[in-house]
file structure30.cif (mmCIF, N, CA and C atoms)
data_model
#
loop_
_atom_site.label_atom_id
_atom_site.label_comp_id
_atom_site.auth_asym_id
_atom_site.auth_seq_id
_atom_site.Cartn_x
_atom_site.Cartn_y
_atom_site.Cartn_z
N MET A 1 -15.88 4.06 27.03
CA MET A 1 -15.65 3.35 25.78
C MET A 1 -16.92 2.66 25.31
N GLY A 2 -17.20 2.82 24.02
CA GLY A 2 -18.40 2.21 23.47
C GLY A 2 -18.17 0.75 23.10
N ALA A 3 -19.21 0.13 22.61
CA ALA A 3 -19.14 -1.28 22.22
C ALA A 3 -18.24 -1.47 20.99
N ALA A 4 -18.17 -0.44 20.16
CA ALA A 4 -17.39 -0.55 18.93
C ALA A 4 -15.88 -0.59 19.20
N ALA A 5 -15.45 -0.14 20.34
CA ALA A 5 -14.01 -0.07 20.64
C ALA A 5 -13.37 -1.45 20.79
N HIS A 6 -14.19 -2.47 21.08
CA HIS A 6 -13.63 -3.80 21.32
C HIS A 6 -13.69 -4.71 20.11
N ARG A 7 -14.27 -4.23 19.04
CA ARG A 7 -14.39 -5.07 17.85
C ARG A 7 -13.07 -5.10 17.09
N ALA A 8 -12.71 -6.29 16.65
CA ALA A 8 -11.51 -6.44 15.84
C ALA A 8 -11.93 -6.61 14.38
N THR A 9 -11.04 -6.29 13.49
CA THR A 9 -11.31 -6.48 12.07
C THR A 9 -11.46 -7.97 11.79
N GLN A 10 -12.52 -8.32 11.10
CA GLN A 10 -12.75 -9.72 10.76
C GLN A 10 -11.80 -10.13 9.64
N SER A 11 -11.19 -11.29 9.79
CA SER A 11 -10.30 -11.81 8.76
C SER A 11 -10.83 -13.16 8.31
N ALA A 12 -11.07 -13.30 7.02
CA ALA A 12 -11.65 -14.54 6.50
C ALA A 12 -10.66 -15.69 6.61
N ARG A 13 -11.17 -16.88 6.93
CA ARG A 13 -10.34 -18.08 6.92
C ARG A 13 -10.66 -18.85 5.65
N PRO A 14 -9.68 -19.56 5.10
CA PRO A 14 -9.93 -20.30 3.84
C PRO A 14 -11.15 -21.22 3.90
N ALA A 15 -11.44 -21.79 5.07
CA ALA A 15 -12.58 -22.72 5.19
C ALA A 15 -13.93 -22.00 5.12
N GLU A 16 -13.95 -20.70 5.44
CA GLU A 16 -15.22 -19.95 5.47
C GLU A 16 -15.66 -19.46 4.10
N VAL A 17 -14.75 -19.50 3.13
CA VAL A 17 -15.03 -18.88 1.83
C VAL A 17 -16.01 -19.72 1.03
N GLU A 18 -17.11 -19.10 0.63
CA GLU A 18 -18.08 -19.77 -0.25
C GLU A 18 -17.82 -19.30 -1.66
N ARG A 19 -17.57 -20.24 -2.55
CA ARG A 19 -17.23 -19.89 -3.94
C ARG A 19 -18.44 -20.01 -4.86
N LYS A 20 -18.64 -18.99 -5.66
CA LYS A 20 -19.68 -19.02 -6.68
C LYS A 20 -18.99 -19.23 -8.03
N TRP A 21 -19.77 -19.52 -9.05
CA TRP A 21 -19.26 -19.65 -10.41
C TRP A 21 -19.94 -18.60 -11.27
N PHE A 22 -19.15 -17.87 -12.05
CA PHE A 22 -19.69 -16.88 -12.97
C PHE A 22 -19.25 -17.22 -14.39
N VAL A 23 -20.10 -16.91 -15.35
CA VAL A 23 -19.73 -17.09 -16.75
C VAL A 23 -19.81 -15.72 -17.43
N VAL A 24 -18.78 -15.40 -18.21
CA VAL A 24 -18.69 -14.10 -18.90
C VAL A 24 -18.56 -14.35 -20.39
N ASP A 25 -19.37 -13.68 -21.19
CA ASP A 25 -19.26 -13.76 -22.64
C ASP A 25 -18.35 -12.62 -23.10
N ALA A 26 -17.18 -12.97 -23.64
CA ALA A 26 -16.19 -11.96 -24.01
C ALA A 26 -16.43 -11.34 -25.38
N GLU A 27 -17.47 -11.77 -26.07
CA GLU A 27 -17.72 -11.28 -27.43
C GLU A 27 -17.89 -9.77 -27.46
N ASP A 28 -17.11 -9.10 -28.31
CA ASP A 28 -17.13 -7.65 -28.51
C ASP A 28 -16.82 -6.85 -27.24
N MET A 29 -16.11 -7.45 -26.29
CA MET A 29 -15.68 -6.72 -25.10
C MET A 29 -14.22 -6.32 -25.25
N VAL A 30 -13.87 -5.15 -24.74
CA VAL A 30 -12.48 -4.69 -24.80
C VAL A 30 -11.67 -5.51 -23.80
N LEU A 31 -10.54 -6.05 -24.26
CA LEU A 31 -9.74 -6.99 -23.47
C LEU A 31 -9.39 -6.49 -22.07
N GLY A 32 -8.85 -5.29 -21.95
CA GLY A 32 -8.40 -4.79 -20.66
C GLY A 32 -9.53 -4.57 -19.67
N ARG A 33 -10.66 -4.09 -20.17
CA ARG A 33 -11.82 -3.83 -19.30
C ARG A 33 -12.41 -5.14 -18.79
N LEU A 34 -12.41 -6.14 -19.67
CA LEU A 34 -12.85 -7.48 -19.26
C LEU A 34 -11.89 -8.06 -18.23
N ALA A 35 -10.59 -7.95 -18.50
CA ALA A 35 -9.58 -8.56 -17.64
C ALA A 35 -9.56 -7.96 -16.24
N THR A 36 -9.72 -6.64 -16.12
CA THR A 36 -9.69 -6.02 -14.78
C THR A 36 -10.86 -6.51 -13.94
N ARG A 37 -12.04 -6.61 -14.55
CA ARG A 37 -13.23 -7.06 -13.82
C ARG A 37 -13.09 -8.52 -13.39
N VAL A 38 -12.61 -9.37 -14.32
CA VAL A 38 -12.44 -10.80 -14.03
C VAL A 38 -11.39 -11.00 -12.95
N ALA A 39 -10.27 -10.26 -13.03
CA ALA A 39 -9.19 -10.39 -12.04
C ALA A 39 -9.70 -9.99 -10.66
N SER A 40 -10.54 -8.96 -10.60
CA SER A 40 -11.10 -8.50 -9.34
C SER A 40 -11.98 -9.57 -8.70
N ILE A 41 -12.77 -10.27 -9.53
CA ILE A 41 -13.65 -11.33 -9.02
C ILE A 41 -12.82 -12.54 -8.58
N LEU A 42 -11.79 -12.89 -9.35
CA LEU A 42 -10.93 -14.02 -8.96
C LEU A 42 -10.25 -13.74 -7.63
N ARG A 43 -9.92 -12.48 -7.40
CA ARG A 43 -9.23 -12.09 -6.17
C ARG A 43 -10.20 -12.00 -4.99
N GLY A 44 -11.48 -11.73 -5.28
CA GLY A 44 -12.48 -11.66 -4.21
C GLY A 44 -12.74 -10.26 -3.71
N LYS A 45 -12.33 -9.24 -4.47
CA LYS A 45 -12.47 -7.86 -4.00
C LYS A 45 -13.92 -7.37 -4.02
N HIS A 46 -14.79 -8.12 -4.70
CA HIS A 46 -16.21 -7.73 -4.74
C HIS A 46 -16.97 -8.19 -3.50
N LYS A 47 -16.31 -8.92 -2.62
CA LYS A 47 -16.97 -9.45 -1.42
C LYS A 47 -16.62 -8.63 -0.19
N ALA A 48 -17.53 -8.63 0.76
CA ALA A 48 -17.30 -7.90 2.01
C ALA A 48 -16.25 -8.59 2.87
N ILE A 49 -16.06 -9.91 2.67
CA ILE A 49 -15.10 -10.66 3.49
C ILE A 49 -13.69 -10.65 2.89
N PHE A 50 -13.44 -9.80 1.89
CA PHE A 50 -12.13 -9.77 1.23
C PHE A 50 -11.00 -9.66 2.25
N THR A 51 -10.03 -10.55 2.12
CA THR A 51 -8.85 -10.56 2.98
C THR A 51 -7.64 -10.71 2.06
N PRO A 52 -6.66 -9.81 2.13
CA PRO A 52 -5.56 -9.83 1.16
C PRO A 52 -4.76 -11.14 1.12
N HIS A 53 -4.62 -11.80 2.27
CA HIS A 53 -3.76 -12.98 2.28
C HIS A 53 -4.53 -14.30 2.16
N VAL A 54 -5.85 -14.21 1.87
CA VAL A 54 -6.66 -15.42 1.68
C VAL A 54 -7.33 -15.33 0.32
N ASP A 55 -7.38 -16.46 -0.39
CA ASP A 55 -8.06 -16.50 -1.68
C ASP A 55 -9.57 -16.54 -1.44
N THR A 56 -10.21 -15.36 -1.48
CA THR A 56 -11.66 -15.27 -1.21
C THR A 56 -12.46 -15.20 -2.50
N GLY A 57 -11.79 -15.32 -3.64
CA GLY A 57 -12.44 -15.11 -4.93
C GLY A 57 -13.33 -16.23 -5.41
N ASP A 58 -14.04 -15.96 -6.50
CA ASP A 58 -14.95 -16.92 -7.12
C ASP A 58 -14.34 -17.47 -8.40
N HIS A 59 -14.97 -18.51 -8.94
CA HIS A 59 -14.55 -19.10 -10.20
C HIS A 59 -15.14 -18.28 -11.34
N VAL A 60 -14.37 -18.07 -12.41
CA VAL A 60 -14.87 -17.33 -13.57
C VAL A 60 -14.62 -18.15 -14.83
N ILE A 61 -15.67 -18.31 -15.64
CA ILE A 61 -15.57 -18.99 -16.93
C ILE A 61 -15.72 -17.90 -17.99
N VAL A 62 -14.75 -17.80 -18.88
CA VAL A 62 -14.83 -16.82 -19.97
C VAL A 62 -15.06 -17.59 -21.26
N VAL A 63 -16.15 -17.30 -21.97
CA VAL A 63 -16.43 -17.95 -23.25
C VAL A 63 -16.29 -16.93 -24.38
N ASN A 64 -16.15 -17.42 -25.61
CA ASN A 64 -15.96 -16.59 -26.81
C ASN A 64 -14.72 -15.70 -26.70
N ALA A 65 -13.63 -16.24 -26.14
CA ALA A 65 -12.40 -15.47 -25.96
C ALA A 65 -11.81 -15.01 -27.29
N GLU A 66 -12.07 -15.76 -28.36
CA GLU A 66 -11.51 -15.40 -29.67
C GLU A 66 -12.17 -14.15 -30.25
N LYS A 67 -13.34 -13.77 -29.71
CA LYS A 67 -14.09 -12.62 -30.24
C LYS A 67 -13.87 -11.37 -29.40
N VAL A 68 -12.85 -11.36 -28.54
CA VAL A 68 -12.56 -10.21 -27.70
C VAL A 68 -12.02 -9.08 -28.58
N LYS A 69 -12.27 -7.83 -28.18
CA LYS A 69 -11.85 -6.67 -28.97
C LYS A 69 -10.56 -6.09 -28.42
N LEU A 70 -9.71 -5.61 -29.32
CA LEU A 70 -8.51 -4.86 -28.93
C LEU A 70 -8.61 -3.51 -29.61
N THR A 71 -8.30 -2.44 -28.87
CA THR A 71 -8.43 -1.10 -29.43
C THR A 71 -7.16 -0.71 -30.18
N GLY A 72 -7.26 0.33 -30.97
CA GLY A 72 -6.10 0.84 -31.71
C GLY A 72 -5.54 -0.20 -32.67
N ARG A 73 -4.21 -0.23 -32.79
CA ARG A 73 -3.56 -1.16 -33.72
C ARG A 73 -2.93 -2.34 -32.99
N LYS A 74 -3.51 -2.68 -31.82
CA LYS A 74 -2.92 -3.75 -31.00
C LYS A 74 -2.91 -5.10 -31.70
N LEU A 75 -3.89 -5.35 -32.60
CA LEU A 75 -3.91 -6.64 -33.30
C LEU A 75 -2.62 -6.87 -34.07
N GLU A 76 -2.06 -5.80 -34.66
CA GLU A 76 -0.80 -5.95 -35.41
C GLU A 76 0.43 -5.67 -34.56
N GLN A 77 0.28 -4.82 -33.52
CA GLN A 77 1.46 -4.34 -32.80
C GLN A 77 1.73 -5.04 -31.47
N LYS A 78 0.69 -5.53 -30.80
CA LYS A 78 0.90 -6.17 -29.49
C LYS A 78 1.54 -7.54 -29.70
N LEU A 79 2.64 -7.78 -28.98
CA LEU A 79 3.38 -9.03 -29.15
C LEU A 79 3.31 -9.88 -27.89
N TYR A 80 3.22 -11.18 -28.08
CA TYR A 80 3.28 -12.14 -26.98
C TYR A 80 4.54 -12.97 -27.16
N TYR A 81 5.25 -13.19 -26.07
CA TYR A 81 6.51 -13.92 -26.12
C TYR A 81 6.42 -15.22 -25.34
N ARG A 82 7.11 -16.25 -25.84
CA ARG A 82 7.34 -17.45 -25.04
C ARG A 82 8.71 -17.98 -25.42
N HIS A 83 9.27 -18.81 -24.58
CA HIS A 83 10.63 -19.30 -24.81
C HIS A 83 10.65 -20.81 -24.78
N SER A 84 11.37 -21.41 -25.74
CA SER A 84 11.42 -22.87 -25.84
C SER A 84 12.33 -23.47 -24.78
N GLY A 85 13.20 -22.65 -24.20
CA GLY A 85 14.16 -23.15 -23.23
C GLY A 85 15.53 -23.36 -23.85
N TYR A 86 15.59 -23.36 -25.17
CA TYR A 86 16.87 -23.48 -25.88
C TYR A 86 17.44 -22.10 -26.16
N MET A 87 18.76 -22.04 -26.38
CA MET A 87 19.38 -20.76 -26.70
C MET A 87 18.79 -20.20 -28.00
N GLY A 88 18.44 -18.91 -27.97
CA GLY A 88 17.86 -18.28 -29.15
C GLY A 88 16.44 -18.77 -29.41
N GLY A 89 15.82 -19.36 -28.42
CA GLY A 89 14.51 -19.97 -28.62
C GLY A 89 13.34 -19.08 -28.25
N LEU A 90 13.49 -17.76 -28.42
CA LEU A 90 12.40 -16.83 -28.11
C LEU A 90 11.41 -16.82 -29.26
N LYS A 91 10.15 -17.12 -28.97
CA LYS A 91 9.12 -17.13 -30.01
C LYS A 91 8.22 -15.92 -29.80
N THR A 92 7.86 -15.26 -30.89
CA THR A 92 7.04 -14.05 -30.84
C THR A 92 5.81 -14.25 -31.72
N ILE A 93 4.67 -13.77 -31.26
CA ILE A 93 3.45 -13.83 -32.07
C ILE A 93 2.63 -12.58 -31.79
N THR A 94 1.98 -12.04 -32.83
CA THR A 94 1.15 -10.85 -32.64
C THR A 94 -0.19 -11.26 -32.05
N ALA A 95 -0.88 -10.30 -31.44
CA ALA A 95 -2.18 -10.58 -30.83
C ALA A 95 -3.18 -11.06 -31.88
N GLY A 96 -3.14 -10.49 -33.06
CA GLY A 96 -4.05 -10.88 -34.13
C GLY A 96 -3.88 -12.33 -34.54
N LYS A 97 -2.61 -12.75 -34.72
CA LYS A 97 -2.33 -14.14 -35.10
C LYS A 97 -2.70 -15.10 -33.99
N LEU A 98 -2.45 -14.70 -32.73
CA LEU A 98 -2.77 -15.56 -31.59
C LEU A 98 -4.28 -15.76 -31.46
N LEU A 99 -5.05 -14.68 -31.69
CA LEU A 99 -6.51 -14.78 -31.63
C LEU A 99 -7.07 -15.65 -32.75
N ALA A 100 -6.38 -15.66 -33.89
CA ALA A 100 -6.84 -16.45 -35.02
C ALA A 100 -6.40 -17.91 -34.92
N SER A 101 -5.46 -18.20 -34.03
CA SER A 101 -4.92 -19.56 -33.90
C SER A 101 -5.79 -20.43 -32.99
N ALA A 102 -5.34 -21.64 -32.77
CA ALA A 102 -6.06 -22.58 -31.90
C ALA A 102 -5.91 -22.22 -30.43
N HIS A 103 -5.04 -21.26 -30.11
CA HIS A 103 -4.77 -20.88 -28.72
C HIS A 103 -5.27 -19.48 -28.40
N ALA A 104 -6.44 -19.11 -28.96
CA ALA A 104 -6.99 -17.77 -28.78
C ALA A 104 -7.27 -17.46 -27.31
N ASP A 105 -7.51 -18.49 -26.51
CA ASP A 105 -7.79 -18.29 -25.08
C ASP A 105 -6.61 -17.68 -24.34
N ARG A 106 -5.40 -17.83 -24.87
CA ARG A 106 -4.21 -17.34 -24.17
C ARG A 106 -4.19 -15.82 -24.06
N VAL A 107 -4.82 -15.12 -25.00
CA VAL A 107 -4.85 -13.66 -24.97
C VAL A 107 -5.57 -13.19 -23.70
N VAL A 108 -6.76 -13.75 -23.45
CA VAL A 108 -7.54 -13.37 -22.27
C VAL A 108 -6.84 -13.86 -21.01
N ARG A 109 -6.38 -15.12 -21.03
CA ARG A 109 -5.73 -15.70 -19.85
C ARG A 109 -4.52 -14.88 -19.41
N LYS A 110 -3.67 -14.48 -20.37
CA LYS A 110 -2.46 -13.71 -20.05
C LYS A 110 -2.81 -12.33 -19.50
N ALA A 111 -3.86 -11.71 -20.06
CA ALA A 111 -4.29 -10.39 -19.59
C ALA A 111 -4.77 -10.45 -18.15
N VAL A 112 -5.55 -11.48 -17.82
CA VAL A 112 -6.11 -11.60 -16.47
C VAL A 112 -5.03 -11.99 -15.46
N VAL A 113 -4.23 -13.01 -15.79
CA VAL A 113 -3.21 -13.50 -14.87
C VAL A 113 -2.18 -12.42 -14.57
N GLY A 114 -1.93 -11.54 -15.56
CA GLY A 114 -1.00 -10.43 -15.35
C GLY A 114 -1.48 -9.43 -14.33
N MET A 115 -2.79 -9.45 -14.03
CA MET A 115 -3.37 -8.52 -13.06
C MET A 115 -3.52 -9.14 -11.67
N LEU A 116 -3.13 -10.40 -11.52
CA LEU A 116 -3.21 -11.07 -10.23
C LEU A 116 -1.86 -10.97 -9.51
N PRO A 117 -1.83 -11.22 -8.20
CA PRO A 117 -0.55 -11.16 -7.47
C PRO A 117 0.45 -12.17 -8.03
N LYS A 118 1.73 -11.81 -8.00
CA LYS A 118 2.77 -12.69 -8.55
C LYS A 118 3.36 -13.53 -7.42
N ASN A 119 2.55 -14.43 -6.87
CA ASN A 119 3.02 -15.31 -5.81
C ASN A 119 2.16 -16.56 -5.79
N ALA A 120 2.34 -17.42 -4.80
CA ALA A 120 1.59 -18.68 -4.73
C ALA A 120 0.08 -18.42 -4.65
N LEU A 121 -0.31 -17.36 -3.94
CA LEU A 121 -1.72 -17.02 -3.83
C LEU A 121 -2.30 -16.63 -5.19
N GLY A 122 -1.52 -15.86 -5.95
CA GLY A 122 -1.94 -15.46 -7.29
C GLY A 122 -2.11 -16.65 -8.22
N ARG A 123 -1.20 -17.63 -8.10
CA ARG A 123 -1.31 -18.83 -8.93
C ARG A 123 -2.54 -19.65 -8.56
N GLN A 124 -2.87 -19.67 -7.27
CA GLN A 124 -4.08 -20.36 -6.81
C GLN A 124 -5.32 -19.67 -7.37
N MET A 125 -5.30 -18.33 -7.40
CA MET A 125 -6.43 -17.57 -7.95
C MET A 125 -6.55 -17.83 -9.45
N ALA A 126 -5.41 -17.90 -10.14
CA ALA A 126 -5.41 -18.11 -11.59
C ALA A 126 -5.99 -19.47 -11.95
N SER A 127 -5.88 -20.43 -11.05
CA SER A 127 -6.41 -21.77 -11.33
C SER A 127 -7.93 -21.77 -11.33
N LYS A 128 -8.57 -20.71 -10.80
CA LYS A 128 -10.02 -20.61 -10.80
C LYS A 128 -10.56 -19.95 -12.06
N LEU A 129 -9.65 -19.60 -12.98
CA LEU A 129 -10.04 -18.98 -14.24
C LEU A 129 -10.11 -20.05 -15.33
N LYS A 130 -11.26 -20.15 -16.00
CA LYS A 130 -11.42 -21.10 -17.10
C LYS A 130 -11.75 -20.29 -18.35
N VAL A 131 -10.91 -20.40 -19.39
CA VAL A 131 -11.11 -19.62 -20.60
C VAL A 131 -11.33 -20.55 -21.79
N TYR A 132 -12.38 -20.28 -22.56
CA TYR A 132 -12.68 -21.08 -23.74
C TYR A 132 -12.82 -20.16 -24.95
N ALA A 133 -12.20 -20.56 -26.07
CA ALA A 133 -12.23 -19.74 -27.29
C ALA A 133 -13.64 -19.69 -27.86
N GLY A 134 -14.37 -20.79 -27.81
CA GLY A 134 -15.71 -20.85 -28.39
C GLY A 134 -16.80 -20.53 -27.38
N PRO A 135 -18.08 -20.73 -27.79
CA PRO A 135 -19.20 -20.38 -26.91
C PRO A 135 -19.54 -21.46 -25.87
N ASP A 136 -18.91 -22.64 -25.97
CA ASP A 136 -19.26 -23.73 -25.06
C ASP A 136 -18.25 -23.89 -23.94
N HIS A 137 -18.74 -24.33 -22.77
CA HIS A 137 -17.86 -24.67 -21.65
C HIS A 137 -18.39 -25.92 -21.00
N LYS A 138 -17.53 -26.60 -20.23
CA LYS A 138 -17.94 -27.89 -19.65
C LYS A 138 -18.22 -27.78 -18.15
N HIS A 139 -18.73 -26.62 -17.71
CA HIS A 139 -18.96 -26.42 -16.28
C HIS A 139 -20.43 -26.18 -15.97
N ALA A 140 -21.32 -26.77 -16.78
CA ALA A 140 -22.76 -26.59 -16.58
C ALA A 140 -23.19 -27.15 -15.23
N ALA A 141 -22.51 -28.19 -14.75
CA ALA A 141 -22.87 -28.82 -13.47
C ALA A 141 -22.67 -27.86 -12.30
N GLN A 142 -21.80 -26.87 -12.45
CA GLN A 142 -21.55 -25.91 -11.37
C GLN A 142 -22.61 -24.81 -11.34
N LYS A 143 -23.52 -24.81 -12.31
CA LYS A 143 -24.59 -23.81 -12.42
C LYS A 143 -24.05 -22.38 -12.32
N PRO A 144 -23.20 -21.99 -13.28
CA PRO A 144 -22.63 -20.64 -13.21
C PRO A 144 -23.68 -19.55 -13.49
N GLU A 145 -23.51 -18.42 -12.80
CA GLU A 145 -24.39 -17.27 -13.03
C GLU A 145 -23.83 -16.44 -14.17
N GLU A 146 -24.70 -15.84 -14.96
CA GLU A 146 -24.29 -14.93 -16.03
C GLU A 146 -23.78 -13.64 -15.39
N LEU A 147 -22.61 -13.18 -15.83
CA LEU A 147 -22.04 -11.96 -15.27
C LEU A 147 -21.95 -10.93 -16.38
N THR A 148 -22.58 -9.78 -16.20
CA THR A 148 -22.52 -8.73 -17.21
C THR A 148 -21.49 -7.69 -16.79
N ILE A 149 -20.64 -7.32 -17.73
CA ILE A 149 -19.59 -6.35 -17.46
C ILE A 149 -19.78 -5.18 -18.41
N GLY A 150 -19.77 -3.98 -17.87
CA GLY A 150 -19.89 -2.80 -18.70
C GLY A 150 -21.32 -2.43 -19.04
#

call {"tool": "encode", "arguments": {"input": "structure30.cif", "output": "structure tokens"}}
result
Amino acid sequence: MGAAAHRATQSARPAEVERKWFVVDAEDMVLGRLATRVASILRGKHKAIFTPHVDTGDHVIVVNAEKVKLTGRKLEQKLYYRHSGYMGGLKTITAGKLLASAHADRVVRKAVVGMLPKNALGRQMASKLKVYAGPDHKHAAQKPEELTIG
């Protein structure tokens, strides 16, 4: 038996994870392509220490979320739903109207969070996502690196 036979698969512990900060400019980027890349970084799949049951991901800041691109006729046809909690309280808004509103960041946030695991770990990963509609963010102290996608 060689030396390799005794090695076990390394599993990252939450204390060992070093988190970086990345900033992404969403201007003129296609929503889905941006979201898949951001979700992958939040999950930590770009790292060699990736462990499915540990949050090994980095923080991601998305700026200019209101300038994200949608292909086809999604601006008029894609619908977002929320519920007031009252009977008959289902509210619907198109992607175009949502991007034009004060809550344009929700389009990117919903796309990314939808690609994360649907459990407590996924919610923890989602908390590392910061989305801003405009070009400014308040995380300069974290010295985020510029991340180019595509």

call {"tool": "closest_residue", "arguments": {"input": "structure30.cif", "among": "A:His59, A:Lys143, A:Lys110, A:Lys128", "to": "Leu79 (chain A)", "atoms": "only C-alpha atoms"}}
result
A:Lys110

call {"tool": "resolve_selection", "arguments": {"input": "structure30.cif", "expression": "the PyMOL selection byres (((chain A and resi 73-78 and name CA) around 7) and name CA)", "output": "number ranges by chain"}}
result
A: 70-72, 79-80, 94-96

call {"tool": "resolve_selection", "arguments": {"input": "structure30.cif", "expression": "the PyMOL selection byres ((chain A and resi 12) around 6.5)", "output": "PyMOL selection string"}}
result
chain A and resi 10-11+13-16+49-51+54

call {"tool": "resolve_selection", "arguments": {"input": "structure30.cif", "expression": "the PyMOL selection byres (((chain A and resi 57 and name CA) around 8) and name CA)", "output": "list in words"}}
result
Arg19, Ile41, Leu42, Arg43, Gly44, Lys45, Asp55, Thr56, Asp58, His59 and Met125 of chain A

call {"tool": "residues_around", "arguments": {"input": "structure30.cif", "residues": "Ala104 (chain A)", "least_positions_apart": "2", "cutoff": "8 Å", "atoms": "only N, CA and C atoms", "output": "NGL selection string"}}
result
:A and (64-67 or 97-102 or 106-109 or 131-134)

call {"tool": "select_by_dssp", "arguments": {"input": "structure30.cif", "residues": "region 79-138 of chain A", "states": "alpha helix (DSSP H)", "output": "list of chain:residue names"}}
result
A:Ala95, A:Gly96, A:Lys97, A:Leu98, A:Leu99, A:Ala100, A:Asp105, A:Arg106, A:Val107, A:Val108, A:Arg109, A:Lys110, A:Ala111, A:Val112, A:Val113, A:Ala120, A:Leu121, A:Gly122, A:Arg123, A:Gln124, A:Met125, A:Ala126

call {"tool": "atom_distance", "arguments": {"input": "structure30.cif", "atom1": "CA of Leu121 (chain A)", "atom2": "CA of Trp21 (chain A)"}}
result
18.9 Å

call {"tool": "atom_distance", "arguments": {"input": "structure30.cif", "atom1": "CA of Ala126 (chain A)", "atom2": "CA of Val113 (chain A)"}}
result
6.1 Å

call {"tool": "closest_residue", "arguments": {"input": "structure30.cif", "among": "A:Lys47, A:Lys69, A:His83, A:Arg7", "to": "Glu27 (chain A)", "atoms": "only N, CA and C atoms"}}
result
A:Lys69

call {"tool": "decode", "arguments": {"input": "structure30.cif", "residues": "region 67-119 of chain A", "atoms": "C-alpha atoms", "output": "PDB file, in the first residue's frame"}}
result
ATOM      1  CA  LYS A  67     -28.896  48.237 -15.269  1.00  0.00           C
ATOM      2  CA  VAL A  68     -28.937  44.433 -15.552  1.00  0.00           C
ATOM      3  CA  LYS A  69     -30.067  43.019 -18.919  1.00  0.00           C
ATOM      4  CA  LEU A  70     -32.909  40.583 -19.534  1.00  0.00           C
ATOM      5  CA  THR A  71     -33.106  38.746 -22.855  1.00  0.00           C
ATOM      6  CA  GLY A  72     -36.189  38.296 -25.013  1.00  0.00           C
ATOM      7  CA  ARG A  73     -39.440  39.826 -23.768  1.00  0.00           C
ATOM      8  CA  LYS A  74     -38.773  39.109 -20.085  1.00  0.00           C
ATOM      9  CA  LEU A  75     -39.100  42.805 -19.147  1.00  0.00           C
ATOM     10  CA  GLU A  76     -42.820  42.634 -20.008  1.00  0.00           C
ATOM     11  CA  GLN A  77     -43.494  38.929 -19.404  1.00  0.00           C
ATOM     12  CA  LYS A  78     -41.456  37.858 -16.349  1.00  0.00           C
ATOM     13  CA  LEU A  79     -43.545  38.233 -13.199  1.00  0.00           C
ATOM     14  CA  TYR A  80     -42.508  38.514  -9.560  1.00  0.00           C
ATOM     15  CA  TYR A  81     -44.976  37.587  -6.838  1.00  0.00           C
ATOM     16  CA  ARG A  82     -45.288  38.502  -3.181  1.00  0.00           C
ATOM     17  CA  HIS A  83     -48.109  38.051  -0.708  1.00  0.00           C
ATOM     18  CA  SER A  84     -49.408  40.494   1.886  1.00  0.00           C
ATOM     19  CA  GLY A  85     -50.552  37.679   4.157  1.00  0.00           C
ATOM     20  CA  TYR A  86     -54.217  38.630   3.763  1.00  0.00           C
ATOM     21  CA  MET A  87     -56.728  36.627   1.742  1.00  0.00           C
ATOM     22  CA  GLY A  88     -56.505  37.574  -1.930  1.00  0.00           C
ATOM     23  CA  GLY A  89     -53.361  39.536  -1.129  1.00  0.00           C
ATOM     24  CA  LEU A  90     -51.181  38.244  -3.971  1.00  0.00           C
ATOM     25  CA  LYS A  91     -49.237  41.116  -5.540  1.00  0.00           C
ATOM     26  CA  THR A  92     -47.724  40.799  -9.023  1.00  0.00           C
ATOM     27  CA  ILE A  93     -45.166  43.023 -10.744  1.00  0.00           C
ATOM     28  CA  THR A  94     -43.340  42.670 -14.065  1.00  0.00           C
ATOM     29  CA  ALA A  95     -39.545  42.594 -14.213  1.00  0.00           C
ATOM     30  CA  GLY A  96     -39.505  45.885 -16.132  1.00  0.00           C
ATOM     31  CA  LYS A  97     -41.581  47.721 -13.524  1.00  0.00           C
ATOM     32  CA  LEU A  98     -39.548  46.231 -10.669  1.00  0.00           C
ATOM     33  CA  LEU A  99     -36.265  47.346 -12.282  1.00  0.00           C
ATOM     34  CA  ALA A 100     -37.667  50.843 -12.737  1.00  0.00           C
ATOM     35  CA  SER A 101     -38.900  51.040  -9.122  1.00  0.00           C
ATOM     36  CA  ALA A 102     -37.024  51.819  -5.915  1.00  0.00           C
ATOM     37  CA  HIS A 103     -36.566  48.059  -5.338  1.00  0.00           C
ATOM     38  CA  ALA A 104     -34.557  47.235  -8.489  1.00  0.00           C
ATOM     39  CA  ASP A 105     -32.089  45.239  -6.375  1.00  0.00           C
ATOM     40  CA  ARG A 106     -34.759  42.577  -5.770  1.00  0.00           C
ATOM     41  CA  VAL A 107     -34.467  41.299  -9.356  1.00  0.00           C
ATOM     42  CA  VAL A 108     -30.805  40.324  -8.896  1.00  0.00           C
ATOM     43  CA  ARG A 109     -31.289  39.194  -5.278  1.00  0.00           C
ATOM     44  CA  LYS A 110     -34.186  36.861  -6.180  1.00  0.00           C
ATOM     45  CA  ALA A 111     -32.268  35.377  -9.136  1.00  0.00           C
ATOM     46  CA  VAL A 112     -29.199  34.607  -7.002  1.00  0.00           C
ATOM     47  CA  VAL A 113     -31.025  33.367  -3.881  1.00  0.00           C
ATOM     48  CA  GLY A 114     -33.102  31.046  -6.084  1.00  0.00           C
ATOM     49  CA  MET A 115     -29.861  29.295  -7.077  1.00  0.00           C
ATOM     50  CA  LEU A 116     -28.711  28.680  -3.492  1.00  0.00           C
ATOM     51  CA  PRO A 117     -29.712  25.687  -1.329  1.00  0.00           C
ATOM     52  CA  LYS A 118     -33.184  25.955   0.216  1.00  0.00           C
ATOM     53  CA  ASN A 119     -32.159  25.409   3.836  1.00  0.00           C
TER      54      ASN A 119
END
